[in-house]
Amino acid sequence: RLSSTKELLADAERGGYAVGAFNVYNLEGVEAVIAAAEEQKSPAILQIHPGALKQGGVALVACCISAAEQATVPITVHFDHGSSKKELIEVLELGVDSIMVDGSHLPFKENISYTKYMSSLAHAKGMTVEAELGRLSGTEDDLTVQEYEAKLTDVNQAQEFIDATGIDALAVCIGNVHGKYPASGPKLRLDLLKNLYDLASKNEVFLVLHGASGLPKELVQDCIKLGVRKFNVNTEVRKAYMDVLKTPHTDLVHLIAAAKEAMKAVIANKMHLFGSAGTA
Ligand code: G3H
Ligand code: 13P
Ligand code: ZN
Ligand code: NA
């Protein structure tokens with residue numbers, strides 16, 4: 001059934017687990033998330049990236065909403081990385097349940113004013129709002145220690161950011177990256193995460209971690225203990241799809257079915273790892 005992102009996160013907070021937000025690009029992706037969620041009795045978030053919206057258009061959004069409505073477990077539809085006003089204002093009309101207002105490319109004060117403005121429009125429509133403070137690095141960025149630290153979420157700024165914008169969920173930068181982690185493995189600043197959770201709890205804000213693909217089990221569990229309630233997963237699911245495309249297939253229907261199965265297996269695995277399996 002179509003649910004509310006804030007409620008999913010509040011349930012996760014009460015239960016001490018996290019909900020997976022899986023980026024979807026087409027019907028196979030949507031069906032893989034729903035099938036995994038139903039089989040694992042888990043809530044899930046169907047997450048649409050601006051790049052996916054560009055390809056799939058309003059039909060992709062409608063597909064997500066309709067699939068969520070028909071599901072036997074709680075599902076929500078979220079718009080990911082909304083980095084422009086124009087784009088987000090269009091998205092507000094599409095009926096998604098939550099949005100990420102991504103002003104992380106802006107200087108702090110501008111991020112505040114952008115997030116505050118978009119958040120007031122989204123809240124007027126009853127939507128849940130996520131925003132990012134700090135700036136996620138890419139694996140390929142060759143940063144000095146100082147440059148790296150400058151991009152982490154600042155706890156003092158976080159309080160001001162939450163107060164000024166009224167957001168419901170905060171995406172944190174603690175060393176997490178989109179895509180692959182370096183061969184040496186991910187290094188997360190769990191001390192920083194702990195401080196951010198203390199602050200978020202006092203403000204009834206939920207913590208979100210982008211870049212969850214590639215995080216080992218132990219780190220995921222540490223993050224959940226330290227308050228992460230939403231993990232964004234994209235790369236691992238895409239890779240499962242792409243790997244199927246690389247194998248020889250003579251029939252389109254078989255190819256679609258194989259792609260769905262491959263994505264579903266990755267997603268189901270994450271639902272167990274995040275502790276959301278069995279809660280719906
Ligand atoms: O990070 C999430 C918050 O801890 C939620 O806080 O339990 O006070 O609503 P709450
Ligand atoms: P990954 O591609 O690393 O899973 O990150 C996904 C993400 O953060 C989408 O917003
Ligand atoms: Zn992201
Ligand atoms: Na990642």
# chains A, B, ... in the order shown; residues from 1 in each chain; ligands from 1
$ residues_near_ligand --ligand "ligand 2" --cutoff "6 Å" --atoms "only C-alpha atoms and all ligand atoms" --output "JSON, numbers by chain"
{"A": [80, 178, 179, 210, 211, 212, 213, 232, 233, 234, 235]}
$ write_last_selection --atoms "C-alpha atoms" --output "mmCIF file, in the first residue's frame"
data_model
loop_
_atom_site.group_PDB
_atom_site.id
_atom_site.type_symbol
_atom_site.label_atom_id
_atom_site.label_comp_id
_atom_site.auth_asym_id
_atom_site.auth_seq_id
_atom_site.Cartn_x
_atom_site.Cartn_y
_atom_site.Cartn_z
ATOM 1 C CA ASP A 80 16.140 11.783 -5.236
ATOM 2 C CA HIS A 178 28.182 7.261 -4.438
ATOM 3 C CA GLY A 179 29.240 4.296 -6.513
ATOM 4 C CA HIS A 210 23.569 7.877 0.520
ATOM 5 C CA GLY A 211 26.010 5.614 -1.242
ATOM 6 C CA ALA A 212 25.075 2.419 0.597
ATOM 7 C CA SER A 213 26.223 0.189 -2.279
ATOM 8 C CA ASN A 232 20.079 4.807 -0.578
ATOM 9 C CA VAL A 233 21.048 1.941 -2.854
ATOM 10 C CA ASN A 234 21.650 2.333 -6.557
ATOM 11 C CA THR A 235 24.939 0.968 -7.927
#
$ residues_near_ligand --ligand "ligand 1" --cutoff "8 Å" --atoms "only C-alpha atoms and all ligand atoms" --output "PDB file with N, CA and C atoms, in the first residue's frame"
ATOM      1  N   LEU A   9       9.989   5.927   8.230  1.00  0.00           N
ATOM      2  CA  LEU A   9      11.213   6.228   8.983  1.00  0.00           C
ATOM      3  C   LEU A   9      10.944   6.244  10.484  1.00  0.00           C
ATOM      4  N   ALA A  10       9.759   6.719  10.878  1.00  0.00           N
ATOM      5  CA  ALA A  10       9.400   6.719  12.303  1.00  0.00           C
ATOM      6  C   ALA A  10       9.266   5.285  12.812  1.00  0.00           C
ATOM      7  N   GLU A  13      12.722   3.973  13.250  1.00  0.00           N
ATOM      8  CA  GLU A  13      13.340   4.531  14.469  1.00  0.00           C
ATOM      9  C   GLU A  13      12.854   3.748  15.695  1.00  0.00           C
ATOM     10  N   ARG A  14      11.559   3.515  15.757  1.00  0.00           N
ATOM     11  CA  ARG A  14      11.008   2.759  16.889  1.00  0.00           C
ATOM     12  C   ARG A  14      11.541   1.329  16.914  1.00  0.00           C
ATOM     13  N   ALA A 169      14.318  14.854   7.299  1.00  0.00           N
ATOM     14  CA  ALA A 169      15.392  13.862   7.231  1.00  0.00           C
ATOM     15  C   ALA A 169      16.668  14.541   6.733  1.00  0.00           C
ATOM     16  N   TYR A 197      23.517  11.926  15.259  1.00  0.00           N
ATOM     17  CA  TYR A 197      22.306  11.230  15.716  1.00  0.00           C
ATOM     18  C   TYR A 197      21.784  11.859  17.004  1.00  0.00           C
ATOM     19  N   ASP A 198      22.691  12.203  17.923  1.00  0.00           N
ATOM     20  CA  ASP A 198      22.273  12.885  19.160  1.00  0.00           C
ATOM     21  C   ASP A 198      21.464  14.126  18.801  1.00  0.00           C
ATOM     22  N   ALA A 200      20.085  14.928  15.818  1.00  0.00           N
ATOM     23  CA  ALA A 200      18.884  14.635  15.025  1.00  0.00           C
ATOM     24  C   ALA A 200      17.741  14.146  15.922  1.00  0.00           C
ATOM     25  N   SER A 201      18.066  13.297  16.873  1.00  0.00           N
ATOM     26  CA  SER A 201      17.036  12.761  17.774  1.00  0.00           C
ATOM     27  C   SER A 201      16.338  13.879  18.529  1.00  0.00           C
ATOM     28  N   LYS A 202      17.127  14.819  19.029  1.00  0.00           N
ATOM     29  CA  LYS A 202      16.544  15.949  19.774  1.00  0.00           C
ATOM     30  C   LYS A 202      15.605  16.758  18.889  1.00  0.00           C
ATOM     31  N   ASN A 203      15.872  16.743  17.603  1.00  0.00           N
ATOM     32  CA  ASN A 203      15.089  17.556  16.677  1.00  0.00           C
ATOM     33  C   ASN A 203      14.053  16.756  15.889  1.00  0.00           C
ATOM     34  N   GLU A 204      13.915  15.482  16.244  1.00  0.00           N
ATOM     35  CA  GLU A 204      12.995  14.607  15.525  1.00  0.00           C
ATOM     36  C   GLU A 204      13.229  14.613  14.013  1.00  0.00           C
ATOM     37  N   VAL A 205      14.505  14.491  13.676  1.00  0.00           N
ATOM     38  CA  VAL A 205      14.910  14.408  12.276  1.00  0.00           C
ATOM     39  C   VAL A 205      15.556  13.037  12.086  1.00  0.00           C
ATOM     40  N   PHE A 206      15.303  12.419  10.933  1.00  0.00           N
ATOM     41  CA  PHE A 206      15.849  11.079  10.673  1.00  0.00           C
ATOM     42  C   PHE A 206      17.122  11.184   9.847  1.00  0.00           C
ATOM     43  N   LEU A 207      18.041  10.275  10.081  1.00  0.00           N
ATOM     44  CA  LEU A 207      19.304  10.303   9.339  1.00  0.00           C
ATOM     45  C   LEU A 207      19.264   9.388   8.121  1.00  0.00           C
ATOM     46  N   GLY A 227      21.880   5.327  14.267  1.00  0.00           N
ATOM     47  CA  GLY A 227      20.731   6.137  13.872  1.00  0.00           C
ATOM     48  C   GLY A 227      20.377   6.271  12.409  1.00  0.00           C
ATOM     49  N   VAL A 228      21.101   5.629  11.494  1.00  0.00           N
ATOM     50  CA  VAL A 228      20.698   5.754  10.088  1.00  0.00           C
ATOM     51  C   VAL A 228      19.383   4.999   9.885  1.00  0.00           C
ATOM     52  N   ARG A 229      18.392   5.669   9.319  1.00  0.00           N
ATOM     53  CA  ARG A 229      17.059   5.076   9.117  1.00  0.00           C
ATOM     54  C   ARG A 229      16.688   4.898   7.660  1.00  0.00           C
TER      55      ARG A 229
END
$ closest_residue --among "A:Asn23, A:Ala67, A:Thr72, A:Pro216" --to "Lys41 in chain A" --atoms "only C-alpha atoms"
A:Thr72
$ closest_residue --among "A:Asn111, A:Gln55, A:Ser276, A:Ser104" --to "ligand 3" --atoms "only C-alpha atoms and all ligand atoms"
A:Ser104
$ closest_residue --among "A:Glu28, A:Glu39, A:Asp243, A:Asp11" --to "Ile256 in chain A" --atoms "only C-alpha atoms"
A:Glu28
$ residues_around --residues "range 120-134 of chain A" --least-positions-apart "2" --cutoff "6 Å" --atoms "only C-alpha atoms" --output "ChimeraX atom specification"
/A:6,97-102,104,117-118,151-153,167-171,173
$ write_last_selection --atoms "N, CA and C atoms" --output "PDB file, in the first residue's frame"
ATOM      1  N   LYS A   6       7.753   9.569   5.971  1.00  0.00           N
ATOM      2  CA  LYS A   6       8.005   9.920   7.369  1.00  0.00           C
ATOM      3  C   LYS A   6       7.546   8.803   8.305  1.00  0.00           C
ATOM      4  N   ASP A  97       5.655  11.003  -2.701  1.00  0.00           N
ATOM      5  CA  ASP A  97       5.403  11.218  -1.274  1.00  0.00           C
ATOM      6  C   ASP A  97       6.491  12.039  -0.610  1.00  0.00           C
ATOM      7  N   SER A  98       7.711  11.938  -1.133  1.00  0.00           N
ATOM      8  CA  SER A  98       8.813  12.658  -0.497  1.00  0.00           C
ATOM      9  C   SER A  98       9.829  13.087  -1.536  1.00  0.00           C
ATOM     10  N   ILE A  99      10.596  14.110  -1.162  1.00  0.00           N
ATOM     11  CA  ILE A  99      11.626  14.610  -2.072  1.00  0.00           C
ATOM     12  C   ILE A  99      12.924  14.834  -1.303  1.00  0.00           C
ATOM     13  N   MET A 100      14.041  14.722  -2.047  1.00  0.00           N
ATOM     14  CA  MET A 100      15.297  15.187  -1.496  1.00  0.00           C
ATOM     15  C   MET A 100      15.581  16.540  -2.122  1.00  0.00           C
ATOM     16  N   VAL A 101      15.695  17.551  -1.269  1.00  0.00           N
ATOM     17  CA  VAL A 101      16.096  18.873  -1.733  1.00  0.00           C
ATOM     18  C   VAL A 101      17.613  18.871  -1.623  1.00  0.00           C
ATOM     19  N   ASP A 102      18.290  18.821  -2.759  1.00  0.00           N
ATOM     20  CA  ASP A 102      19.747  18.682  -2.726  1.00  0.00           C
ATOM     21  C   ASP A 102      20.439  19.997  -3.046  1.00  0.00           C
ATOM     22  N   SER A 104      23.409  20.591  -1.738  1.00  0.00           N
ATOM     23  CA  SER A 104      24.751  20.323  -1.209  1.00  0.00           C
ATOM     24  C   SER A 104      25.853  20.936  -2.079  1.00  0.00           C
ATOM     25  N   TYR A 117      13.037  27.115   1.249  1.00  0.00           N
ATOM     26  CA  TYR A 117      11.994  27.464   0.281  1.00  0.00           C
ATOM     27  C   TYR A 117      11.292  26.210  -0.258  1.00  0.00           C
ATOM     28  N   MET A 118      12.091  25.240  -0.719  1.00  0.00           N
ATOM     29  CA  MET A 118      11.513  24.028  -1.302  1.00  0.00           C
ATOM     30  C   MET A 118      10.766  23.209  -0.251  1.00  0.00           C
ATOM     31  N   LYS A 151      34.258  18.544   3.416  1.00  0.00           N
ATOM     32  CA  LYS A 151      33.026  18.070   2.803  1.00  0.00           C
ATOM     33  C   LYS A 151      32.154  17.250   3.762  1.00  0.00           C
ATOM     34  N   LEU A 152      32.673  16.956   4.924  1.00  0.00           N
ATOM     35  CA  LEU A 152      31.876  16.185   5.891  1.00  0.00           C
ATOM     36  C   LEU A 152      30.793  17.083   6.483  1.00  0.00           C
ATOM     37  N   THR A 153      29.730  16.455   6.985  1.00  0.00           N
ATOM     38  CA  THR A 153      28.658  17.220   7.625  1.00  0.00           C
ATOM     39  C   THR A 153      29.194  17.819   8.920  1.00  0.00           C
ATOM     40  N   ILE A 167      13.409  20.578   7.893  1.00  0.00           N
ATOM     41  CA  ILE A 167      13.433  19.282   7.186  1.00  0.00           C
ATOM     42  C   ILE A 167      13.066  18.119   8.113  1.00  0.00           C
ATOM     43  N   ASP A 168      12.664  17.021   7.482  1.00  0.00           N
ATOM     44  CA  ASP A 168      12.294  15.810   8.226  1.00  0.00           C
ATOM     45  C   ASP A 168      13.440  14.809   8.297  1.00  0.00           C
ATOM     46  N   ALA A 169      14.318  14.854   7.299  1.00  0.00           N
ATOM     47  CA  ALA A 169      15.392  13.862   7.231  1.00  0.00           C
ATOM     48  C   ALA A 169      16.668  14.541   6.733  1.00  0.00           C
ATOM     49  N   LEU A 170      17.780  14.137   7.320  1.00  0.00           N
ATOM     50  CA  LEU A 170      19.070  14.749   6.982  1.00  0.00           C
ATOM     51  C   LEU A 170      20.004  13.706   6.371  1.00  0.00           C
ATOM     52  N   ALA A 171      20.453  13.985   5.144  1.00  0.00           N
ATOM     53  CA  ALA A 171      21.434  13.108   4.496  1.00  0.00           C
ATOM     54  C   ALA A 171      22.812  13.564   4.951  1.00  0.00           C
ATOM     55  N   CYS A 173      27.109  13.321   5.385  1.00  0.00           N
ATOM     56  CA  CYS A 173      28.348  12.985   4.686  1.00  0.00           C
ATOM     57  C   CYS A 173      29.384  12.646   5.742  1.00  0.00           C
TER      58      CYS A 173
END
$ closest_residue --among "A:Val172, A:Leu188, A:Met263, A:Val253" --to "Val220 in chain A" --atoms "only C-alpha atoms"
A:Leu188
$ closest_residue --among "A:Leu190, A:Ile174, A:Ala21, A:Leu199" --to "ligand 3" --atoms "only C-alpha atoms and all ligand atoms"
A:Ala21
$ decode --residues "range 56-99 of chain A" --atoms "N, CA and C atoms" --output "PDB file, in the first residue's frame"
ATOM      1  N   GLY A  56      12.284   8.199 -18.019  1.00  0.00           N
ATOM      2  CA  GLY A  56      10.986   7.538 -17.842  1.00  0.00           C
ATOM      3  C   GLY A  56       9.801   8.483 -17.784  1.00  0.00           C
ATOM      4  N   GLY A  57      10.076   9.768 -17.512  1.00  0.00           N
ATOM      5  CA  GLY A  57       9.028  10.783 -17.480  1.00  0.00           C
ATOM      6  C   GLY A  57       7.923  10.488 -16.478  1.00  0.00           C
ATOM      7  N   VAL A  58       6.775  11.107 -16.689  1.00  0.00           N
ATOM      8  CA  VAL A  58       5.665  10.951 -15.749  1.00  0.00           C
ATOM      9  C   VAL A  58       5.158   9.514 -15.716  1.00  0.00           C
ATOM     10  N   ALA A  59       5.400   8.762 -16.784  1.00  0.00           N
ATOM     11  CA  ALA A  59       4.954   7.362 -16.809  1.00  0.00           C
ATOM     12  C   ALA A  59       5.689   6.551 -15.751  1.00  0.00           C
ATOM     13  N   LEU A  60       6.962   6.853 -15.534  1.00  0.00           N
ATOM     14  CA  LEU A  60       7.731   6.140 -14.508  1.00  0.00           C
ATOM     15  C   LEU A  60       7.173   6.442 -13.122  1.00  0.00           C
ATOM     16  N   VAL A  61       6.846   7.718 -12.890  1.00  0.00           N
ATOM     17  CA  VAL A  61       6.291   8.107 -11.586  1.00  0.00           C
ATOM     18  C   VAL A  61       4.937   7.421 -11.380  1.00  0.00           C
ATOM     19  N   ALA A  62       4.102   7.450 -12.406  1.00  0.00           N
ATOM     20  CA  ALA A  62       2.774   6.831 -12.311  1.00  0.00           C
ATOM     21  C   ALA A  62       2.906   5.330 -12.058  1.00  0.00           C
ATOM     22  N   CYS A  63       3.888   4.718 -12.686  1.00  0.00           N
ATOM     23  CA  CYS A  63       4.146   3.291 -12.521  1.00  0.00           C
ATOM     24  C   CYS A  63       4.525   3.005 -11.061  1.00  0.00           C
ATOM     25  N   CYS A  64       5.371   3.838 -10.492  1.00  0.00           N
ATOM     26  CA  CYS A  64       5.787   3.661  -9.085  1.00  0.00           C
ATOM     27  C   CYS A  64       4.590   3.809  -8.151  1.00  0.00           C
ATOM     28  N   ILE A  65       3.795   4.841  -8.375  1.00  0.00           N
ATOM     29  CA  ILE A  65       2.658   5.099  -7.481  1.00  0.00           C
ATOM     30  C   ILE A  65       1.653   3.958  -7.559  1.00  0.00           C
ATOM     31  N   SER A  66       1.367   3.525  -8.767  1.00  0.00           N
ATOM     32  CA  SER A  66       0.389   2.457  -8.929  1.00  0.00           C
ATOM     33  C   SER A  66       0.900   1.145  -8.322  1.00  0.00           C
ATOM     34  N   ALA A  67       2.181   0.851  -8.507  1.00  0.00           N
ATOM     35  CA  ALA A  67       2.756  -0.368  -7.919  1.00  0.00           C
ATOM     36  C   ALA A  67       2.713  -0.297  -6.398  1.00  0.00           C
ATOM     37  N   ALA A  68       2.973   0.894  -5.851  1.00  0.00           N
ATOM     38  CA  ALA A  68       2.946   1.074  -4.392  1.00  0.00           C
ATOM     39  C   ALA A  68       1.532   0.848  -3.869  1.00  0.00           C
ATOM     40  N   GLU A  69       0.552   1.404  -4.575  1.00  0.00           N
ATOM     41  CA  GLU A  69      -0.846   1.273  -4.143  1.00  0.00           C
ATOM     42  C   GLU A  69      -1.285  -0.186  -4.107  1.00  0.00           C
ATOM     43  N   GLN A  70      -0.799  -0.954  -5.053  1.00  0.00           N
ATOM     44  CA  GLN A  70      -1.233  -2.356  -5.135  1.00  0.00           C
ATOM     45  C   GLN A  70      -0.443  -3.306  -4.253  1.00  0.00           C
ATOM     46  N   ALA A  71       0.678  -2.823  -3.699  1.00  0.00           N
ATOM     47  CA  ALA A  71       1.536  -3.705  -2.897  1.00  0.00           C
ATOM     48  C   ALA A  71       0.865  -4.079  -1.578  1.00  0.00           C
ATOM     49  N   THR A  72       1.239  -5.236  -1.053  1.00  0.00           N
ATOM     50  CA  THR A  72       0.657  -5.703   0.215  1.00  0.00           C
ATOM     51  C   THR A  72       1.465  -5.199   1.413  1.00  0.00           C
ATOM     52  N   VAL A  73       2.596  -4.527   1.137  1.00  0.00           N
ATOM     53  CA  VAL A  73       3.447  -3.981   2.211  1.00  0.00           C
ATOM     54  C   VAL A  73       3.599  -2.468   1.989  1.00  0.00           C
ATOM     55  N   PRO A  74       4.005  -1.706   3.008  1.00  0.00           N
ATOM     56  CA  PRO A  74       4.102  -0.250   2.840  1.00  0.00           C
ATOM     57  C   PRO A  74       5.249   0.172   1.904  1.00  0.00           C
ATOM     58  N   ILE A  75       4.898   0.954   0.904  1.00  0.00           N
ATOM     59  CA  ILE A  75       5.863   1.419  -0.100  1.00  0.00           C
ATOM     60  C   ILE A  75       5.659   2.922  -0.265  1.00  0.00           C
ATOM     61  N   THR A  76       6.758   3.673  -0.448  1.00  0.00           N
ATOM     62  CA  THR A  76       6.590   5.082  -0.784  1.00  0.00           C
ATOM     63  C   THR A  76       7.408   5.418  -2.026  1.00  0.00           C
ATOM     64  N   VAL A  77       7.079   6.572  -2.617  1.00  0.00           N
ATOM     65  CA  VAL A  77       7.760   7.012  -3.832  1.00  0.00           C
ATOM     66  C   VAL A  77       8.483   8.320  -3.525  1.00  0.00           C
ATOM     67  N   HIS A  78       9.797   8.314  -3.769  1.00  0.00           N
ATOM     68  CA  HIS A  78      10.667   9.422  -3.354  1.00  0.00           C
ATOM     69  C   HIS A  78      11.428   9.969  -4.559  1.00  0.00           C
ATOM     70  N   PHE A  79      11.543  11.285  -4.648  1.00  0.00           N
ATOM     71  CA  PHE A  79      12.357  11.897  -5.700  1.00  0.00           C
ATOM     72  C   PHE A  79      13.722  12.252  -5.112  1.00  0.00           C
ATOM     73  N   ASP A  80      14.766  11.730  -5.733  1.00  0.00           N
ATOM     74  CA  ASP A  80      16.140  11.783  -5.236  1.00  0.00           C
ATOM     75  C   ASP A  80      16.904  12.983  -5.834  1.00  0.00           C
ATOM     76  N   HIS A  81      17.818  13.557  -5.096  1.00  0.00           N
ATOM     77  CA  HIS A  81      18.759  14.580  -5.600  1.00  0.00           C
ATOM     78  C   HIS A  81      18.125  15.700  -6.427  1.00  0.00           C
ATOM     79  N   GLY A  82      17.114  16.349  -5.858  1.00  0.00           N
ATOM     80  CA  GLY A  82      16.490  17.489  -6.546  1.00  0.00           C
ATOM     81  C   GLY A  82      17.354  18.732  -6.354  1.00  0.00           C
ATOM     82  N   SER A  83      18.144  19.037  -7.379  1.00  0.00           N
ATOM     83  CA  SER A  83      19.108  20.119  -7.184  1.00  0.00           C
ATOM     84  C   SER A  83      18.717  21.425  -7.859  1.00  0.00           C
ATOM     85  N   SER A  84      17.516  21.478  -8.467  1.00  0.00           N
ATOM     86  CA  SER A  84      17.082  22.774  -9.002  1.00  0.00           C
ATOM     87  C   SER A  84      15.618  23.042  -8.654  1.00  0.00           C
ATOM     88  N   LYS A  85      15.332  24.328  -8.424  1.00  0.00           N
ATOM     89  CA  LYS A  85      13.971  24.745  -8.066  1.00  0.00           C
ATOM     90  C   LYS A  85      12.983  24.362  -9.144  1.00  0.00           C
ATOM     91  N   LYS A  86      13.366  24.614 -10.371  1.00  0.00           N
ATOM     92  CA  LYS A  86      12.464  24.370 -11.495  1.00  0.00           C
ATOM     93  C   LYS A  86      12.049  22.900 -11.529  1.00  0.00           C
ATOM     94  N   GLU A  87      13.051  22.033 -11.415  1.00  0.00           N
ATOM     95  CA  GLU A  87      12.801  20.599 -11.456  1.00  0.00           C
ATOM     96  C   GLU A  87      11.908  20.154 -10.281  1.00  0.00           C
ATOM     97  N   LEU A  88      12.240  20.634  -9.082  1.00  0.00           N
ATOM     98  CA  LEU A  88      11.470  20.218  -7.912  1.00  0.00           C
ATOM     99  C   LEU A  88      10.038  20.752  -7.957  1.00  0.00           C
ATOM    100  N   ILE A  89       9.873  21.959  -8.457  1.00  0.00           N
ATOM    101  CA  ILE A  89       8.511  22.514  -8.530  1.00  0.00           C
ATOM    102  C   ILE A  89       7.653  21.666  -9.475  1.00  0.00           C
ATOM    103  N   GLU A  90       8.275  21.173 -10.546  1.00  0.00           N
ATOM    104  CA  GLU A  90       7.547  20.260 -11.448  1.00  0.00           C
ATOM    105  C   GLU A  90       7.221  18.946 -10.741  1.00  0.00           C
ATOM    106  N   VAL A  91       8.209  18.445  -9.996  1.00  0.00           N
ATOM    107  CA  VAL A  91       8.034  17.163  -9.313  1.00  0.00           C
ATOM    108  C   VAL A  91       6.935  17.210  -8.244  1.00  0.00           C
ATOM    109  N   LEU A  92       6.765  18.374  -7.609  1.00  0.00           N
ATOM    110  CA  LEU A  92       5.746  18.515  -6.560  1.00  0.00           C
ATOM    111  C   LEU A  92       4.347  18.192  -7.093  1.00  0.00           C
ATOM    112  N   GLU A  93       4.170  18.358  -8.396  1.00  0.00           N
ATOM    113  CA  GLU A  93       2.852  18.110  -9.007  1.00  0.00           C
ATOM    114  C   GLU A  93       2.651  16.648  -9.387  1.00  0.00           C
ATOM    115  N   LEU A  94       3.689  15.826  -9.268  1.00  0.00           N
ATOM    116  CA  LEU A  94       3.596  14.456  -9.798  1.00  0.00           C
ATOM    117  C   LEU A  94       3.061  13.431  -8.807  1.00  0.00           C
ATOM    118  N   GLY A  95       2.868  13.856  -7.559  1.00  0.00           N
ATOM    119  CA  GLY A  95       2.255  12.934  -6.598  1.00  0.00           C
ATOM    120  C   GLY A  95       3.211  12.018  -5.865  1.00  0.00           C
ATOM    121  N   VAL A  96       4.524  12.339  -5.870  1.00  0.00           N
ATOM    122  CA  VAL A  96       5.447  11.541  -5.053  1.00  0.00           C
ATOM    123  C   VAL A  96       5.195  11.875  -3.585  1.00  0.00           C
ATOM    124  N   ASP A  97       5.655  11.003  -2.701  1.00  0.00           N
ATOM    125  CA  ASP A  97       5.403  11.218  -1.274  1.00  0.00           C
ATOM    126  C   ASP A  97       6.491  12.039  -0.610  1.00  0.00           C
ATOM    127  N   SER A  98       7.711  11.938  -1.133  1.00  0.00           N
ATOM    128  CA  SER A  98       8.813  12.658  -0.497  1.00  0.00           C
ATOM    129  C   SER A  98       9.829  13.087  -1.536  1.00  0.00           C
ATOM    130  N   ILE A  99      10.596  14.110  -1.162  1.00  0.00           N
ATOM    131  CA  ILE A  99      11.626  14.610  -2.072  1.00  0.00           C
ATOM    132  C   ILE A  99      12.924  14.834  -1.303  1.00  0.00           C
TER     133      ILE A  99
END
